[in-house]
Amino acid sequence: MSFIYRVGTAIPPHTIHQTEAKKFIQSNIAERRLEKYVTVFDQAEITSRYFVVPQEWFEQPHSFSERNELFESKGIDLASKAVDRCLNSASMDHSEIDALFTVTSTGILTPSLDVHLMNRCSFNENIVRVPMFGLGCAGGAVGLARVNDYLKAHPTEAVILVCVELSSVAFHIDELNSTNIVGAALFGDGAAAVLLLGDEHPLSTGGFKMTEASSRTKRESMDIMGWDVQDDGFHVIFSKKIPSLIKTFWKDHSDNFLTDNKITLQEIDSFILHPGGKKVLEEISKCILEEHSLEHSFNILKNFGNMSSPTVLFVLLEKMQQENLESGTKHILGALGPGFHSQLILMEYV
């Protein structure tokens, strides 16, 4: 078992409001048949999003190398800010961290992201490094689950999980098809860092305790979500089938997870879920109890959009900032991502 001790987040400086994004896309649509997809900007229930580049950057095509250089220059900076905020809130030094887990799907780096953060943040040279790539929107939840596995074996240690994504790199002004228009209405840039402690660490005195986790991947579903990698970079794969998979694939997984842990839906106090989009959250709402408000997920979606892997950690932070969390309550954190994959984590607030 492990404890979630602190969460730090970081957003880039350039704000694009949804009304501005809609006008920008409308002005660049070349085919009239695609105009109907612009309504997604009004239906997404997103007010604003944040990006590492100003709107002018999106007005021109860019090569794969330009996009990856953007991640290397801006993404690492964003991730390091999230780490600093996380550790500062805990009054801990980077040298006190025993392992560094990193998650991204929007930048290719060798040496990997964790090494870049070591040089930026002065982590210990003996730190354990675990870079993870390609988990997409599920990355925040999967990362937490893997850190929990590590801390079961190393209960005295402290671990930082860092998730950073720049959806900026996947926008293509010269290929505005229906999928890219929907992506342009949903995704934003962001980073989050989580400090986790083993249950024998001296600071493990309370908070969210992760107790169990479950992963499920749907066979032959790689066309649901992911990247189409081309000469000019990543092109988003984002199937309209995703909401329909909630009432089958996700519900089956969540029902089995509850049964395996011998608890009922009524015993769950809240769901802390990645907001993949309005329709996804609405479908999940139909599968859980009315009192399981997804308010925090909707709030993060509204104010930041879908930032892929860090987003569920933004939701987690907002939940942790509640003043009325009761000891002994059970919570489920979850996210969906490429694979098609579902990750669920059972937590208890102590």
# chains A, B, ... in the order shown; residues from 1 in each chain; ligands from 1

call {"tool": "closest_atom_pairs", "arguments": {"of": "segment 1-92 of chain A", "to": "segment 157-166 of chain A", "cutoff": "12 Å", "atoms": "only C-alpha atoms", "output": "CSV"}}
result
residue,atom,partner,partner_atom,distance
A:Met1,CA,A:Glu157,CA,11.8
A:Ser2,CA,A:Ala158,CA,9.5
A:Phe3,CA,A:Ala158,CA,9.6
A:Ile4,CA,A:Val159,CA,9.8
A:Tyr5,CA,A:Ala158,CA,9.6
A:Arg6,CA,A:Ile160,CA,9.6
A:Val7,CA,A:Leu161,CA,9.4
A:Gly8,CA,A:Val162,CA,9.4
A:Thr9,CA,A:Cys163,CA,9.5
A:Ala10,CA,A:Val164,CA,9.1
A:Ile11,CA,A:Val164,CA,9.9
A:Pro12,CA,A:Leu166,CA,9.7
A:Arg49,CA,A:Leu166,CA,11.7
A:Tyr50,CA,A:Leu166,CA,9.8
A:Phe51,CA,A:Leu166,CA,7.5
A:Val52,CA,A:Leu166,CA,7.6
A:Val53,CA,A:Leu166,CA,9.9
A:Arg67,CA,A:Leu166,CA,9.6
A:Asn68,CA,A:Leu166,CA,9.9
A:Glu69,CA,A:Leu166,CA,11.5
A:Leu70,CA,A:Leu166,CA,8.7
A:Phe71,CA,A:Leu166,CA,6.7
A:Glu72,CA,A:Leu166,CA,10.2
A:Ser73,CA,A:Leu166,CA,11.2
A:Lys74,CA,A:Leu166,CA,8.6
A:Gly75,CA,A:Leu166,CA,6.6
A:Ile76,CA,A:Val164,CA,8.0
A:Asp77,CA,A:Val164,CA,9.8
A:Leu78,CA,A:Val164,CA,7.4
A:Ala79,CA,A:Val164,CA,5.8
A:Ser80,CA,A:Val162,CA,8.7
A:Lys81,CA,A:Val162,CA,10.5
A:Ala82,CA,A:Val162,CA,7.8
A:Val83,CA,A:Val162,CA,7.2
A:Asp84,CA,A:Ile160,CA,10.8
A:Arg85,CA,A:Val162,CA,11.8
A:Cys86,CA,A:Ile160,CA,8.9
A:Leu87,CA,A:Ile160,CA,9.0
A:Ala90,CA,A:Ala158,CA,11.6
A:Met92,CA,A:Ala158,CA,10.2

call {"tool": "write_last_selection", "arguments": {"atoms": "C-alpha atoms", "output": "short mmCIF file (atom, residue, chain, number, x, y, z; two decimals), in the first residue's frame"}}
result
data_model
loop_
_atom_site.label_atom_id
_atom_site.label_comp_id
_atom_site.auth_asym_id
_atom_site.auth_seq_id
_atom_site.Cartn_x
_atom_site.Cartn_y
_atom_site.Cartn_z
CA MET A 1 0.00 0.00 0.00
CA SER A 2 1.03 3.60 -0.51
CA PHE A 3 -0.14 7.09 0.34
CA ILE A 4 -0.75 10.01 -2.00
CA TYR A 5 0.95 12.78 -0.04
CA ARG A 6 0.97 15.83 -2.33
CA VAL A 7 0.04 16.85 -5.88
CA GLY A 8 1.52 19.74 -7.85
CA THR A 9 0.24 20.98 -11.21
CA ALA A 10 1.51 23.34 -13.90
CA ILE A 11 -0.18 24.98 -16.87
CA PRO A 12 1.49 26.92 -19.69
CA ARG A 49 -7.50 25.68 -22.30
CA TYR A 50 -3.78 26.38 -21.94
CA PHE A 51 -0.96 25.91 -24.43
CA VAL A 52 2.82 26.30 -24.51
CA VAL A 53 2.59 28.32 -27.74
CA ARG A 67 7.08 19.44 -32.85
CA ASN A 68 9.43 17.27 -30.84
CA GLU A 69 11.77 20.20 -30.21
CA LEU A 70 8.75 22.05 -28.83
CA PHE A 71 8.16 19.24 -26.36
CA GLU A 72 11.83 19.15 -25.38
CA SER A 73 12.00 22.89 -24.79
CA LYS A 74 8.57 23.57 -23.28
CA GLY A 75 7.34 20.21 -21.97
CA ILE A 76 10.33 19.55 -19.72
CA ASP A 77 10.05 23.05 -18.29
CA LEU A 78 6.36 22.52 -17.54
CA ALA A 79 7.05 19.15 -15.90
CA SER A 80 9.82 20.59 -13.71
CA LYS A 81 7.47 23.33 -12.48
CA ALA A 82 4.93 20.70 -11.45
CA VAL A 83 7.65 18.78 -9.59
CA ASP A 84 8.84 21.89 -7.76
CA ARG A 85 5.31 22.85 -6.71
CA CYS A 86 4.64 19.33 -5.48
CA LEU A 87 7.80 19.09 -3.38
CA ALA A 90 5.51 18.97 1.08
CA MET A 92 10.77 18.12 0.84
#

call {"tool": "residues_around", "arguments": {"residues": "segment 121-131 of chain A", "least_positions_apart": "6", "cutoff": "9 Å", "atoms": "only C-alpha atoms", "output": "VMD selection string"}}
result
chain A and resid 80 83 to 84 93 to 104 112 to 115

call {"tool": "write_last_selection", "arguments": {"atoms": "N, CA and C atoms", "output": "short mmCIF file (atom, residue, chain, number, x, y, z; two decimals), in the first residue's frame"}}
result
data_model
loop_
_atom_site.label_atom_id
_atom_site.label_comp_id
_atom_site.auth_asym_id
_atom_site.auth_seq_id
_atom_site.Cartn_x
_atom_site.Cartn_y
_atom_site.Cartn_z
N SER A 80 8.97 20.22 -14.85
CA SER A 80 9.82 20.59 -13.71
C SER A 80 9.10 21.56 -12.77
N VAL A 83 6.85 19.46 -10.61
CA VAL A 83 7.65 18.78 -9.59
C VAL A 83 7.99 19.73 -8.45
N ASP A 84 8.46 20.92 -8.79
CA ASP A 84 8.84 21.89 -7.76
C ASP A 84 7.65 22.27 -6.88
N ASP A 93 12.94 18.04 -0.16
CA ASP A 93 13.98 18.33 -1.13
C ASP A 93 14.01 17.23 -2.20
N HIS A 94 14.44 17.58 -3.40
CA HIS A 94 14.54 16.60 -4.49
C HIS A 94 15.42 15.41 -4.10
N SER A 95 16.43 15.66 -3.28
CA SER A 95 17.37 14.60 -2.90
C SER A 95 16.72 13.54 -2.01
N GLU A 96 15.55 13.82 -1.46
CA GLU A 96 14.86 12.87 -0.59
C GLU A 96 13.99 11.88 -1.36
N ILE A 97 13.96 12.02 -2.69
CA ILE A 97 13.12 11.15 -3.52
C ILE A 97 13.93 9.93 -3.95
N ASP A 98 13.33 8.75 -3.78
CA ASP A 98 14.03 7.50 -4.07
C ASP A 98 13.80 6.98 -5.49
N ALA A 99 12.65 7.31 -6.09
CA ALA A 99 12.33 6.82 -7.43
C ALA A 99 11.54 7.87 -8.19
N LEU A 100 11.78 7.94 -9.51
CA LEU A 100 11.13 8.91 -10.38
C LEU A 100 10.45 8.16 -11.53
N PHE A 101 9.12 8.24 -11.56
CA PHE A 101 8.32 7.64 -12.62
C PHE A 101 7.82 8.77 -13.52
N THR A 102 7.99 8.63 -14.82
CA THR A 102 7.53 9.66 -15.75
C THR A 102 6.60 9.07 -16.80
N VAL A 103 5.62 9.88 -17.21
CA VAL A 103 4.62 9.46 -18.19
C VAL A 103 4.44 10.55 -19.23
N THR A 104 4.50 10.18 -20.49
CA THR A 104 4.15 11.09 -21.58
C THR A 104 3.83 10.27 -22.83
N SER A 112 15.63 9.58 -21.73
CA SER A 112 14.20 9.76 -21.50
C SER A 112 13.90 10.95 -20.60
N LEU A 113 12.62 11.26 -20.49
CA LEU A 113 12.15 12.44 -19.76
C LEU A 113 12.70 12.51 -18.35
N ASP A 114 12.78 11.39 -17.66
CA ASP A 114 13.26 11.38 -16.28
C ASP A 114 14.69 11.90 -16.15
N VAL A 115 15.53 11.60 -17.13
CA VAL A 115 16.92 12.09 -17.09
C VAL A 115 16.95 13.61 -17.24
#

call {"tool": "residues_around", "arguments": {"residues": "segment 301-318 of chain A", "least_positions_apart": "6", "cutoff": "7 Å", "atoms": "only C-alpha atoms", "output": "ChimeraX atom specification"}}
result
/A:7,9,45-50,136-140,163-165,186-192,272-276

call {"tool": "write_last_selection", "arguments": {"atoms": "C-alpha atoms", "output": "PDB file, in the first residue's frame"}}
result
ATOM      1  CA  VAL A   7       0.042  16.848  -5.884  1.00  0.00           C
ATOM      2  CA  THR A   9       0.240  20.976 -11.207  1.00  0.00           C
ATOM      3  CA  GLU A  45     -18.621  22.326 -22.033  1.00  0.00           C
ATOM      4  CA  ILE A  46     -15.061  23.653 -22.071  1.00  0.00           C
ATOM      5  CA  THR A  47     -14.445  27.322 -21.302  1.00  0.00           C
ATOM      6  CA  SER A  48     -10.697  27.634 -21.739  1.00  0.00           C
ATOM      7  CA  ARG A  49      -7.498  25.683 -22.300  1.00  0.00           C
ATOM      8  CA  TYR A  50      -3.785  26.385 -21.937  1.00  0.00           C
ATOM      9  CA  GLY A 136      -2.249   8.379 -23.480  1.00  0.00           C
ATOM     10  CA  CYS A 137      -5.181   9.522 -21.354  1.00  0.00           C
ATOM     11  CA  ALA A 138      -4.824   6.508 -19.048  1.00  0.00           C
ATOM     12  CA  GLY A 139      -1.254   7.466 -18.117  1.00  0.00           C
ATOM     13  CA  GLY A 140      -1.980   9.282 -14.864  1.00  0.00           C
ATOM     14  CA  CYS A 163       2.884  13.315 -16.189  1.00  0.00           C
ATOM     15  CA  VAL A 164       3.301  15.915 -18.921  1.00  0.00           C
ATOM     16  CA  GLU A 165       1.550  16.253 -22.267  1.00  0.00           C
ATOM     17  CA  LEU A 186     -11.024  19.090 -26.485  1.00  0.00           C
ATOM     18  CA  PHE A 187      -7.294  18.934 -25.832  1.00  0.00           C
ATOM     19  CA  GLY A 188      -4.908  21.222 -23.967  1.00  0.00           C
ATOM     20  CA  ASP A 189      -1.381  21.192 -22.501  1.00  0.00           C
ATOM     21  CA  GLY A 190      -0.502  20.530 -18.859  1.00  0.00           C
ATOM     22  CA  ALA A 191       1.651  18.733 -16.320  1.00  0.00           C
ATOM     23  CA  ALA A 192       1.197  17.217 -12.881  1.00  0.00           C
ATOM     24  CA  ILE A 272     -12.180  10.505  -9.283  1.00  0.00           C
ATOM     25  CA  LEU A 273     -12.156  10.081 -13.058  1.00  0.00           C
ATOM     26  CA  HIS A 274     -10.247  11.343 -16.064  1.00  0.00           C
ATOM     27  CA  PRO A 275     -12.580  13.653 -18.018  1.00  0.00           C
ATOM     28  CA  GLY A 276     -12.072  12.307 -21.525  1.00  0.00           C
TER      29      GLY A 276
END

call {"tool": "residues_around", "arguments": {"residues": "Phe171 of chain A", "least_positions_apart": "4", "cutoff": "9 Å", "atoms": "only C-alpha atoms", "output": "mmCIF file with all heavy atoms, in the first residue's frame"}}
result
data_model
loop_
_atom_site.group_PDB
_atom_site.id
_atom_site.type_symbol
_atom_site.label_atom_id
_atom_site.label_comp_id
_atom_site.auth_asym_id
_atom_site.auth_seq_id
_atom_site.Cartn_x
_atom_site.Cartn_y
_atom_site.Cartn_z
ATOM 1 N N PHE A 58 -0.155 27.767 -34.278
ATOM 2 C CA PHE A 58 -1.060 26.795 -34.887
ATOM 3 C C PHE A 58 -1.451 27.165 -36.320
ATOM 4 O O PHE A 58 -2.057 26.359 -37.023
ATOM 5 C CB PHE A 58 -2.333 26.659 -34.045
ATOM 6 C CG PHE A 58 -2.088 26.149 -32.652
ATOM 7 C CD1 PHE A 58 -2.175 27.004 -31.560
ATOM 8 C CD2 PHE A 58 -1.750 24.823 -32.426
ATOM 9 C CE1 PHE A 58 -1.945 26.547 -30.271
ATOM 10 C CE2 PHE A 58 -1.516 24.355 -31.149
ATOM 11 C CZ PHE A 58 -1.610 25.219 -30.064
ATOM 12 N N PRO A 61 1.966 24.942 -40.699
ATOM 13 C CA PRO A 61 2.356 23.532 -40.556
ATOM 14 C C PRO A 61 3.750 23.424 -39.952
ATOM 15 O O PRO A 61 4.564 24.350 -40.069
ATOM 16 C CB PRO A 61 2.323 22.999 -41.993
ATOM 17 C CG PRO A 61 2.487 24.204 -42.855
ATOM 18 C CD PRO A 61 1.879 25.356 -42.116
ATOM 19 N N SER A 167 -0.542 18.592 -26.109
ATOM 20 C CA SER A 167 -1.406 18.270 -27.253
ATOM 21 C C SER A 167 -1.138 19.195 -28.420
ATOM 22 O O SER A 167 -1.520 18.909 -29.561
ATOM 23 C CB SER A 167 -2.873 18.343 -26.841
ATOM 24 O OG SER A 167 -3.234 19.663 -26.496
ATOM 25 N N GLU A 175 -4.489 19.702 -42.142
ATOM 26 C CA GLU A 175 -5.283 18.470 -42.220
ATOM 27 C C GLU A 175 -6.463 18.550 -41.251
ATOM 28 O O GLU A 175 -6.549 17.806 -40.279
ATOM 29 C CB GLU A 175 -4.437 17.240 -41.910
ATOM 30 C CG GLU A 175 -5.146 15.935 -42.270
ATOM 31 C CD GLU A 175 -4.280 14.709 -42.038
ATOM 32 O OE1 GLU A 175 -3.071 14.777 -42.322
ATOM 33 O OE2 GLU A 175 -4.810 13.708 -41.567
ATOM 34 N N LEU A 176 -7.362 19.461 -41.535
ATOM 35 C CA LEU A 176 -8.521 19.640 -40.663
ATOM 36 C C LEU A 176 -9.646 18.699 -41.085
ATOM 37 O O LEU A 176 -10.620 19.105 -41.711
ATOM 38 C CB LEU A 176 -8.985 21.098 -40.688
ATOM 39 C CG LEU A 176 -8.217 22.071 -39.808
ATOM 40 C CD1 LEU A 176 -8.811 23.454 -39.891
ATOM 41 C CD2 LEU A 176 -8.212 21.589 -38.361
ATOM 42 N N ASN A 180 -9.582 15.734 -36.325
ATOM 43 C CA ASN A 180 -8.735 16.833 -35.863
ATOM 44 C C ASN A 180 -9.555 18.012 -35.363
ATOM 45 O O ASN A 180 -9.121 18.736 -34.455
ATOM 46 C CB ASN A 180 -7.800 17.283 -36.988
ATOM 47 C CG ASN A 180 -6.650 16.312 -37.200
ATOM 48 O OD1 ASN A 180 -6.219 15.657 -36.266
ATOM 49 N ND2 ASN A 180 -6.177 16.200 -38.428
ATOM 50 N N GLY A 183 -10.577 16.990 -31.891
ATOM 51 C CA GLY A 183 -9.409 17.112 -31.031
ATOM 52 C C GLY A 183 -9.085 18.553 -30.694
ATOM 53 O O GLY A 183 -8.707 18.866 -29.561
ATOM 54 N N ALA A 184 -9.262 19.443 -31.679
ATOM 55 C CA ALA A 184 -8.986 20.866 -31.471
ATOM 56 C C ALA A 184 -9.964 21.496 -30.486
ATOM 57 O O ALA A 184 -9.682 22.544 -29.899
ATOM 58 C CB ALA A 184 -9.049 21.610 -32.799
ATOM 59 N N PHE A 234 2.589 13.365 -34.925
ATOM 60 C CA PHE A 234 1.482 12.567 -34.421
ATOM 61 C C PHE A 234 0.149 13.110 -34.936
ATOM 62 O O PHE A 234 -0.114 14.308 -34.842
ATOM 63 C CB PHE A 234 1.449 12.596 -32.889
ATOM 64 C CG PHE A 234 2.681 12.049 -32.234
ATOM 65 C CD1 PHE A 234 3.344 12.780 -31.251
ATOM 66 C CD2 PHE A 234 3.187 10.804 -32.571
ATOM 67 C CE1 PHE A 234 4.470 12.287 -30.627
ATOM 68 C CE2 PHE A 234 4.322 10.299 -31.957
ATOM 69 C CZ PHE A 234 4.968 11.035 -30.979
ATOM 70 N N HIS A 235 -0.689 12.201 -35.438
ATOM 71 C CA HIS A 235 -2.051 12.540 -35.826
ATOM 72 C C HIS A 235 -2.994 11.740 -34.934
ATOM 73 O O HIS A 235 -2.849 10.527 -34.799
ATOM 74 C CB HIS A 235 -2.305 12.208 -37.298
ATOM 75 C CG HIS A 235 -1.541 13.079 -38.247
ATOM 76 N ND1 HIS A 235 -2.150 14.016 -39.057
ATOM 77 C CD2 HIS A 235 -0.204 13.166 -38.511
ATOM 78 C CE1 HIS A 235 -1.239 14.626 -39.788
ATOM 79 N NE2 HIS A 235 -0.047 14.133 -39.464
ATOM 80 N N VAL A 236 -3.962 12.403 -34.332
ATOM 81 C CA VAL A 236 -4.795 11.768 -33.320
ATOM 82 C C VAL A 236 -5.769 10.752 -33.915
ATOM 83 O O VAL A 236 -6.338 10.958 -34.987
ATOM 84 C CB VAL A 236 -5.563 12.832 -32.507
ATOM 85 C CG1 VAL A 236 -6.606 13.550 -33.352
ATOM 86 C CG2 VAL A 236 -6.211 12.207 -31.279
#

call {"tool": "residues_around", "arguments": {"residues": "Gly226 of chain A", "least_positions_apart": "6", "cutoff": "7 Å", "atoms": "only C-alpha atoms", "output": "VMD selection string"}}
result
chain A and resid 236 to 238 338

call {"tool": "write_last_selection", "arguments": {"atoms": "N, CA and C atoms", "output": "PDB file, in the first residue's frame"}}
result
ATOM      1  N   VAL A 236      -3.962  12.403 -34.332  1.00  0.00           N
ATOM      2  CA  VAL A 236      -4.795  11.768 -33.320  1.00  0.00           C
ATOM      3  C   VAL A 236      -5.769  10.752 -33.915  1.00  0.00           C
ATOM      4  N   ILE A 237      -5.902   9.632 -33.216  1.00  0.00           N
ATOM      5  CA  ILE A 237      -6.947   8.639 -33.484  1.00  0.00           C
ATOM      6  C   ILE A 237      -7.917   8.743 -32.318  1.00  0.00           C
ATOM      7  N   PHE A 238      -9.150   9.100 -32.606  1.00  0.00           N
ATOM      8  CA  PHE A 238     -10.123   9.373 -31.552  1.00  0.00           C
ATOM      9  C   PHE A 238     -11.488   8.929 -32.053  1.00  0.00           C
ATOM     10  N   PRO A 338      -5.495   4.526 -24.690  1.00  0.00           N
ATOM     11  CA  PRO A 338      -5.224   3.661 -25.844  1.00  0.00           C
ATOM     12  C   PRO A 338      -5.033   2.218 -25.427  1.00  0.00           C
TER      13      PRO A 338
END

call {"tool": "residues_around", "arguments": {"residues": "Phe340 of chain A", "least_positions_apart": "2", "cutoff": "12 Å", "atoms": "only C-alpha atoms", "output": "PDB file with N, CA and C atoms, in the first residue's frame"}}
result
ATOM      1  N   GLY A 134       3.358   6.229 -24.188  1.00  0.00           N
ATOM      2  CA  GLY A 134       2.299   5.656 -25.010  1.00  0.00           C
ATOM      3  C   GLY A 134       1.023   5.300 -24.296  1.00  0.00           C
ATOM      4  N   LEU A 135       0.875   5.684 -23.029  1.00  0.00           N
ATOM      5  CA  LEU A 135      -0.323   5.338 -22.265  1.00  0.00           C
ATOM      6  C   LEU A 135      -1.475   6.299 -22.511  1.00  0.00           C
ATOM      7  N   GLY A 136      -1.198   7.430 -23.147  1.00  0.00           N
ATOM      8  CA  GLY A 136      -2.249   8.379 -23.480  1.00  0.00           C
ATOM      9  C   GLY A 136      -3.015   8.859 -22.265  1.00  0.00           C
ATOM     10  N   CYS A 137      -4.335   8.975 -22.414  1.00  0.00           N
ATOM     11  CA  CYS A 137      -5.181   9.522 -21.354  1.00  0.00           C
ATOM     12  C   CYS A 137      -5.210   8.656 -20.100  1.00  0.00           C
ATOM     13  N   ALA A 138      -4.845   7.397 -20.218  1.00  0.00           N
ATOM     14  CA  ALA A 138      -4.824   6.508 -19.048  1.00  0.00           C
ATOM     15  C   ALA A 138      -3.560   6.665 -18.223  1.00  0.00           C
ATOM     16  N   SER A 215      -6.248  -3.419 -13.999  1.00  0.00           N
ATOM     17  CA  SER A 215      -6.102  -2.982 -15.390  1.00  0.00           C
ATOM     18  C   SER A 215      -6.878  -3.925 -16.299  1.00  0.00           C
ATOM     19  N   ARG A 216      -7.485  -3.367 -17.334  1.00  0.00           N
ATOM     20  CA  ARG A 216      -8.150  -4.212 -18.326  1.00  0.00           C
ATOM     21  C   ARG A 216      -7.950  -3.608 -19.710  1.00  0.00           C
ATOM     22  N   THR A 217      -7.555  -4.434 -20.666  1.00  0.00           N
ATOM     23  CA  THR A 217      -7.336  -3.998 -22.042  1.00  0.00           C
ATOM     24  C   THR A 217      -8.229  -4.802 -22.978  1.00  0.00           C
ATOM     25  N   LYS A 218      -8.964  -4.109 -23.810  1.00  0.00           N
ATOM     26  CA  LYS A 218      -9.867  -4.746 -24.772  1.00  0.00           C
ATOM     27  C   LYS A 218      -9.072  -5.217 -25.982  1.00  0.00           C
ATOM     28  N   ARG A 219      -9.184  -6.479 -26.306  1.00  0.00           N
ATOM     29  CA  ARG A 219      -8.466  -7.025 -27.454  1.00  0.00           C
ATOM     30  C   ARG A 219      -8.959  -6.417 -28.767  1.00  0.00           C
ATOM     31  N   GLU A 220      -8.038  -6.324 -29.725  1.00  0.00           N
ATOM     32  CA  GLU A 220      -8.357  -5.873 -31.085  1.00  0.00           C
ATOM     33  C   GLU A 220      -9.098  -4.536 -31.075  1.00  0.00           C
ATOM     34  N   SER A 221      -8.581  -3.591 -30.293  1.00  0.00           N
ATOM     35  CA  SER A 221      -9.237  -2.277 -30.201  1.00  0.00           C
ATOM     36  C   SER A 221      -8.244  -1.125 -30.363  1.00  0.00           C
ATOM     37  N   MET A 222      -7.167  -1.365 -31.073  1.00  0.00           N
ATOM     38  CA  MET A 222      -6.131  -0.347 -31.221  1.00  0.00           C
ATOM     39  C   MET A 222      -6.562   0.823 -32.105  1.00  0.00           C
ATOM     40  N   ASP A 223      -7.704   0.668 -32.799  1.00  0.00           N
ATOM     41  CA  ASP A 223      -8.195   1.739 -33.650  1.00  0.00           C
ATOM     42  C   ASP A 223      -9.107   2.708 -32.901  1.00  0.00           C
ATOM     43  N   ILE A 224      -9.292   2.500 -31.591  1.00  0.00           N
ATOM     44  CA  ILE A 224     -10.197   3.344 -30.814  1.00  0.00           C
ATOM     45  C   ILE A 224      -9.534   4.674 -30.442  1.00  0.00           C
ATOM     46  N   MET A 225      -8.274   4.621 -30.057  1.00  0.00           N
ATOM     47  CA  MET A 225      -7.597   5.817 -29.533  1.00  0.00           C
ATOM     48  C   MET A 225      -6.098   5.646 -29.672  1.00  0.00           C
ATOM     49  N   GLY A 226      -5.399   6.717 -30.016  1.00  0.00           N
ATOM     50  CA  GLY A 226      -3.948   6.635 -30.104  1.00  0.00           C
ATOM     51  C   GLY A 226      -3.375   7.620 -31.105  1.00  0.00           C
ATOM     52  N   ILE A 237      -5.902   9.632 -33.216  1.00  0.00           N
ATOM     53  CA  ILE A 237      -6.947   8.639 -33.484  1.00  0.00           C
ATOM     54  C   ILE A 237      -7.917   8.743 -32.318  1.00  0.00           C
ATOM     55  N   PHE A 238      -9.150   9.100 -32.606  1.00  0.00           N
ATOM     56  CA  PHE A 238     -10.123   9.373 -31.552  1.00  0.00           C
ATOM     57  C   PHE A 238     -11.488   8.929 -32.053  1.00  0.00           C
ATOM     58  N   SER A 239     -11.843   7.686 -31.778  1.00  0.00           N
ATOM     59  CA  SER A 239     -13.055   7.087 -32.340  1.00  0.00           C
ATOM     60  C   SER A 239     -14.326   7.602 -31.661  1.00  0.00           C
ATOM     61  N   LYS A 241     -16.715   5.813 -31.168  1.00  0.00           N
ATOM     62  CA  LYS A 241     -17.239   4.650 -30.442  1.00  0.00           C
ATOM     63  C   LYS A 241     -16.970   4.740 -28.938  1.00  0.00           C
ATOM     64  N   ILE A 242     -16.081   5.635 -28.520  1.00  0.00           N
ATOM     65  CA  ILE A 242     -15.633   5.649 -27.123  1.00  0.00           C
ATOM     66  C   ILE A 242     -16.788   5.754 -26.130  1.00  0.00           C
ATOM     67  N   LEU A 245     -18.596   2.498 -25.439  1.00  0.00           N
ATOM     68  CA  LEU A 245     -17.843   1.462 -24.729  1.00  0.00           C
ATOM     69  C   LEU A 245     -17.951   1.593 -23.207  1.00  0.00           C
ATOM     70  N   ILE A 246     -18.478   2.706 -22.740  1.00  0.00           N
ATOM     71  CA  ILE A 246     -18.606   2.911 -21.301  1.00  0.00           C
ATOM     72  C   ILE A 246     -19.587   1.908 -20.690  1.00  0.00           C
ATOM     73  N   PHE A 249     -17.725  -2.135 -21.850  1.00  0.00           N
ATOM     74  CA  PHE A 249     -16.355  -2.415 -21.411  1.00  0.00           C
ATOM     75  C   PHE A 249     -16.053  -1.818 -20.039  1.00  0.00           C
ATOM     76  N   TRP A 250     -16.320  -0.506 -19.850  1.00  0.00           N
ATOM     77  CA  TRP A 250     -15.970   0.135 -18.572  1.00  0.00           C
ATOM     78  C   TRP A 250     -16.850  -0.377 -17.442  1.00  0.00           C
ATOM     79  N   ALA A 335      -9.204   5.935 -15.267  1.00  0.00           N
ATOM     80  CA  ALA A 335      -8.984   6.597 -16.550  1.00  0.00           C
ATOM     81  C   ALA A 335      -9.028   5.567 -17.667  1.00  0.00           C
ATOM     82  N   LEU A 336      -9.373   6.051 -18.849  1.00  0.00           N
ATOM     83  CA  LEU A 336      -9.391   5.235 -20.066  1.00  0.00           C
ATOM     84  C   LEU A 336      -8.350   5.755 -21.033  1.00  0.00           C
ATOM     85  N   GLY A 337      -7.743   4.850 -21.808  1.00  0.00           N
ATOM     86  CA  GLY A 337      -6.717   5.287 -22.752  1.00  0.00           C
ATOM     87  C   GLY A 337      -6.516   4.292 -23.873  1.00  0.00           C
ATOM     88  N   PRO A 338      -5.495   4.526 -24.690  1.00  0.00           N
ATOM     89  CA  PRO A 338      -5.224   3.661 -25.844  1.00  0.00           C
ATOM     90  C   PRO A 338      -5.033   2.218 -25.427  1.00  0.00           C
ATOM     91  N   SER A 342      -8.522   0.361 -19.605  1.00  0.00           N
ATOM     92  CA  SER A 342      -9.135   0.952 -18.410  1.00  0.00           C
ATOM     93  C   SER A 342      -8.265   0.655 -17.205  1.00  0.00           C
ATOM     94  N   GLN A 343      -8.022   1.687 -16.399  1.00  0.00           N
ATOM     95  CA  GLN A 343      -7.272   1.518 -15.148  1.00  0.00           C
ATOM     96  C   GLN A 343      -8.147   2.016 -14.000  1.00  0.00           C
TER      97      GLN A 343
END

call {"tool": "select_by_dssp", "arguments": {"residues": "segment 164-318 of chain A", "states": "strand (DSSP E or B)", "output": "ChimeraX atom specification"}}
result
/A:164-165,187,190-198,208-217,225-230,233-238,268-273,306

call {"tool": "select_by_dssp", "arguments": {"residues": "segment 236-339 of chain A", "states": "helix (DSSP H, G or I)", "output": "number ranges by chain"}}
result
A: 242-260, 265-267, 278-287, 295-304, 311-320
